[in-house]
Amino acid sequence: MRKFHPSFFLLALMLIAGGCATKKTVIDNPAASTSTGQHAVDEKNMGISSRQTPTGELPIVKQLKASEVKTDNIVADLTFNLKTDKKDVTLPGSLHMRRGEAIRIQLLIPILRSEVGRLEFTPDYVLVVDRVHKEYIQANYNQIDFLRDNGIDFNALQSLFWNEFYMPDEASFSAVKAEDSGGETVLLSATKGKFAYSWMANKNMAKIKQTDVRYTSSTKGTSLLTWQYNQFQSIAGKLFPAWQSFQFSLPQGSGAKGKVTKVTLNLDDLSTNDKWDVRTTVSPKYKKIETDDILSKITNL
């Protein structure tokens with residue numbers, strides 16, 4: 001059986017895994033510019049402390065939520081780059097997101113601009129389409145072991161792509177703690193069982209610059225994720241990161257041999273365009289591939 005395009009399915013694996021488990025890892029990005037002067041916030045009113053307020057939410061968390069983009073649609077041209085120890089792939093594409101409904105990445109052939117494949121997340125299912133070999137997978141989150149076991153759902157993925165503060169099943173987490181280094185950065189953290197979340201926030205912008213998650217299994221080891229944000233641009237009256245980069249590694253015992261993969265998304269021509277179909281209809285000529293079979297192929301690329 002043919003494999004899906006390797007670079008596309010490595011991306012699929014990264015995004016499928018992106019809402020789950022990971023550790024705090026800081027990756028320097030000197031090439032990405034940092035915006036600090038826009039939408040400045042009075043630091044005296046940020047309410048930095050090492051504990052929650054009586055209402056259960058730190059003032060800085062309220063500031064972060066207040067600064068989130070409120071539009072229902074974000075659409076952008078995309079330059080996608082994937083790096084592993086053996087690959088360095090760059091492809092053009094597009095990003096379409098509709099709040100509460102869909103996150104879609106389309107990858108294109110350079111110059112020709114014809115579609116190689118697409119990855120689509122909805123609240124109910126994950127869809128991966130290979131245009132080259134006319135194959136696809138579609139499954140709900142519970143049908144994919146890795147997603148189900150690590151508590152990954154659409155809301156977790158949406159928070160990462162939209163640069164939002166979010167914790168699944170928030171009431172069951174420990175109190176969010178804040179550590180103020182005295183500079184422009186505040187480190188927020190929370191834990192739940194085998195999960196440890198942290199958010200690095202810029203006080204001046206009231207924006208998340210980095211989200212990290214760690215998931216530790218006594219039998220499989222630790223999965224690591226770092227999702228970074230930069231080059232904030234104005235859209236719908238708020239700031240949104242036009243540069244996003246995430247690095248993910250599976251534990252040694254997962255079958256992925258501890259491989260580390262880094263994906264960078266450079267966005268251009270950001271808009272709130274809502275004139276696009278929110279669901280992909282797969283042609284009956286395409287062959288559906290069993291989920292477990294495909295995920296096995298992905299992790300062994």
# chains A, B, ... in the order shown; residues from 1 in each chain; ligands from 1
$ closest_atom_pairs --of "segment 50-155 of chain A" --to "segment 274-277 of chain A" --cutoff "10 Å" --atoms "only C-alpha atoms" --output "tab-separated table"
residue	atom	partner	partner_atom	distance
A:Asp72	CA	A:Asp274	CA	8.2
A:Asn73	CA	A:Asp274	CA	6.0
A:Ile74	CA	A:Asp274	CA	8.2
A:Val75	CA	A:Asp274	CA	8.2
A:His96	CA	A:Trp276	CA	8.4
A:Met97	CA	A:Asp274	CA	9.4
A:Arg98	CA	A:Asp274	CA	8.1
A:Ala102	CA	A:Asp277	CA	10.0
$ closest_atom_pairs --of "segment 68-90 of chain A" --to "segment 229-249 of chain A" --cutoff "9 Å" --atoms "only C-alpha atoms" --output "Markdown table"
| residue | atom | partner | partner_atom | distance |
| --- | --- | --- | --- | --- |
| A:Glu68 | CA | A:Lys238 | CA | 6.8 |
| A:Val69 | CA | A:Lys238 | CA | 5.4 |
| A:Lys70 | CA | A:Ala236 | CA | 7.2 |
| A:Thr71 | CA | A:Ala236 | CA | 6.3 |
| A:Ile74 | CA | A:Ile235 | CA | 8.6 |
| A:Ala76 | CA | A:Ala242 | CA | 9.0 |
$ closest_residue --among "A:Gln138, A:Val132, A:Tyr125, A:Pro92" --to "Ile111 of chain A" --atoms "only C-alpha atoms"
A:Pro92
$ closest_residue --among "A:Asn202, A:Thr281, A:Gln143, A:Leu267" --to "Ile105 of chain A" --atoms "only C-alpha atoms"
A:Leu267
$ select_by_dssp --residues "segment 59-234 of chain A" --states "strand (DSSP E or B)" --output "ChimeraX atom specification"
/A:73-83,88-98,102-108,115-121,126-130,135-139,177-180,185-192,195-202,207-217,221-234
$ closest_residue --among "A:Gly117, A:Asn273, A:Thr185, A:Gln228" --to "Asn204 of chain A" --atoms "only C-alpha atoms"
A:Thr185
$ closest_residue --among "A:Met200, A:Leu160, A:Val260, A:Leu107" --to "Lys177 of chain A" --atoms "only C-alpha atoms"
A:Met200
$ closest_residue --among "A:Ile137, A:Leu95, A:Ile208, A:Leu108" --to "Ser159 of chain A" --atoms "only C-alpha atoms"
A:Ile208
$ decode --residues "segment 176-197 of chain A" --atoms "N, CA, C and O atoms" --output "compact mmCIF listing (two decimals), in the first residue's frame"
# COMPACT_ATOMS: atom_id res chain seq x y z
N VAL A 176 -3.78 27.97 39.04
CA VAL A 176 -2.78 28.54 38.14
C VAL A 176 -1.86 29.43 38.94
O VAL A 176 -2.31 30.32 39.67
N LYS A 177 -0.56 29.21 38.81
CA LYS A 177 0.43 30.03 39.51
C LYS A 177 1.12 30.94 38.52
O LYS A 177 1.28 30.60 37.35
N ALA A 178 1.56 32.10 39.00
CA ALA A 178 2.26 33.06 38.16
C ALA A 178 3.57 33.44 38.81
O ALA A 178 3.63 33.73 40.00
N GLU A 179 4.65 33.41 38.00
CA GLU A 179 5.98 33.82 38.47
C GLU A 179 6.44 35.00 37.63
O GLU A 179 6.56 34.89 36.41
N ASP A 180 6.68 36.13 38.30
CA ASP A 180 7.08 37.34 37.61
C ASP A 180 8.59 37.49 37.73
O ASP A 180 9.13 37.62 38.83
N SER A 181 9.28 37.47 36.60
CA SER A 181 10.74 37.57 36.60
C SER A 181 11.23 39.00 36.81
O SER A 181 12.42 39.24 36.95
N GLY A 182 10.31 39.96 36.79
CA GLY A 182 10.69 41.35 36.93
C GLY A 182 10.87 42.05 35.60
O GLY A 182 10.98 43.27 35.54
N GLY A 183 10.90 41.26 34.51
CA GLY A 183 11.01 41.85 33.18
C GLY A 183 9.65 41.93 32.53
O GLY A 183 8.64 42.18 33.19
N GLU A 184 9.60 41.68 31.22
CA GLU A 184 8.33 41.78 30.51
C GLU A 184 7.61 40.44 30.44
O GLU A 184 6.51 40.34 29.90
N THR A 185 8.21 39.37 31.02
CA THR A 185 7.65 38.03 30.89
C THR A 185 7.10 37.52 32.21
O THR A 185 7.71 37.69 33.27
N VAL A 186 5.96 36.87 32.14
CA VAL A 186 5.36 36.18 33.27
C VAL A 186 5.17 34.72 32.89
O VAL A 186 4.73 34.41 31.79
N LEU A 187 5.54 33.81 33.80
CA LEU A 187 5.39 32.38 33.56
C LEU A 187 4.20 31.87 34.36
O LEU A 187 4.16 31.96 35.58
N LEU A 188 3.19 31.35 33.66
CA LEU A 188 2.03 30.75 34.29
C LEU A 188 2.16 29.23 34.23
O LEU A 188 2.68 28.69 33.25
N SER A 189 1.66 28.54 35.24
CA SER A 189 1.78 27.08 35.26
C SER A 189 0.60 26.46 35.99
O SER A 189 -0.01 27.07 36.87
N ALA A 190 0.28 25.21 35.61
CA ALA A 190 -0.77 24.43 36.26
C ALA A 190 -0.50 22.96 36.00
O ALA A 190 0.14 22.60 35.01
N THR A 191 -0.98 22.10 36.89
CA THR A 191 -0.76 20.66 36.75
C THR A 191 -2.06 19.90 36.95
O THR A 191 -2.99 20.36 37.60
N LYS A 192 -2.09 18.71 36.37
CA LYS A 192 -3.19 17.78 36.56
C LYS A 192 -2.67 16.38 36.33
O LYS A 192 -2.39 15.98 35.19
N GLY A 193 -2.49 15.62 37.41
CA GLY A 193 -2.01 14.25 37.27
C GLY A 193 -0.70 14.19 36.51
O GLY A 193 0.32 14.76 36.93
N LYS A 194 -0.71 13.54 35.36
CA LYS A 194 0.49 13.36 34.56
C LYS A 194 0.75 14.54 33.62
O LYS A 194 1.74 14.53 32.89
N PHE A 195 -0.13 15.54 33.63
CA PHE A 195 0.01 16.70 32.75
C PHE A 195 0.58 17.90 33.51
O PHE A 195 0.22 18.15 34.65
N ALA A 196 1.46 18.63 32.85
CA ALA A 196 1.98 19.89 33.38
C ALA A 196 1.94 20.93 32.26
O ALA A 196 2.55 20.73 31.21
N TYR A 197 1.18 21.99 32.47
CA TYR A 197 1.04 23.06 31.47
C TYR A 197 1.82 24.29 31.93
O TYR A 197 1.89 24.60 33.12
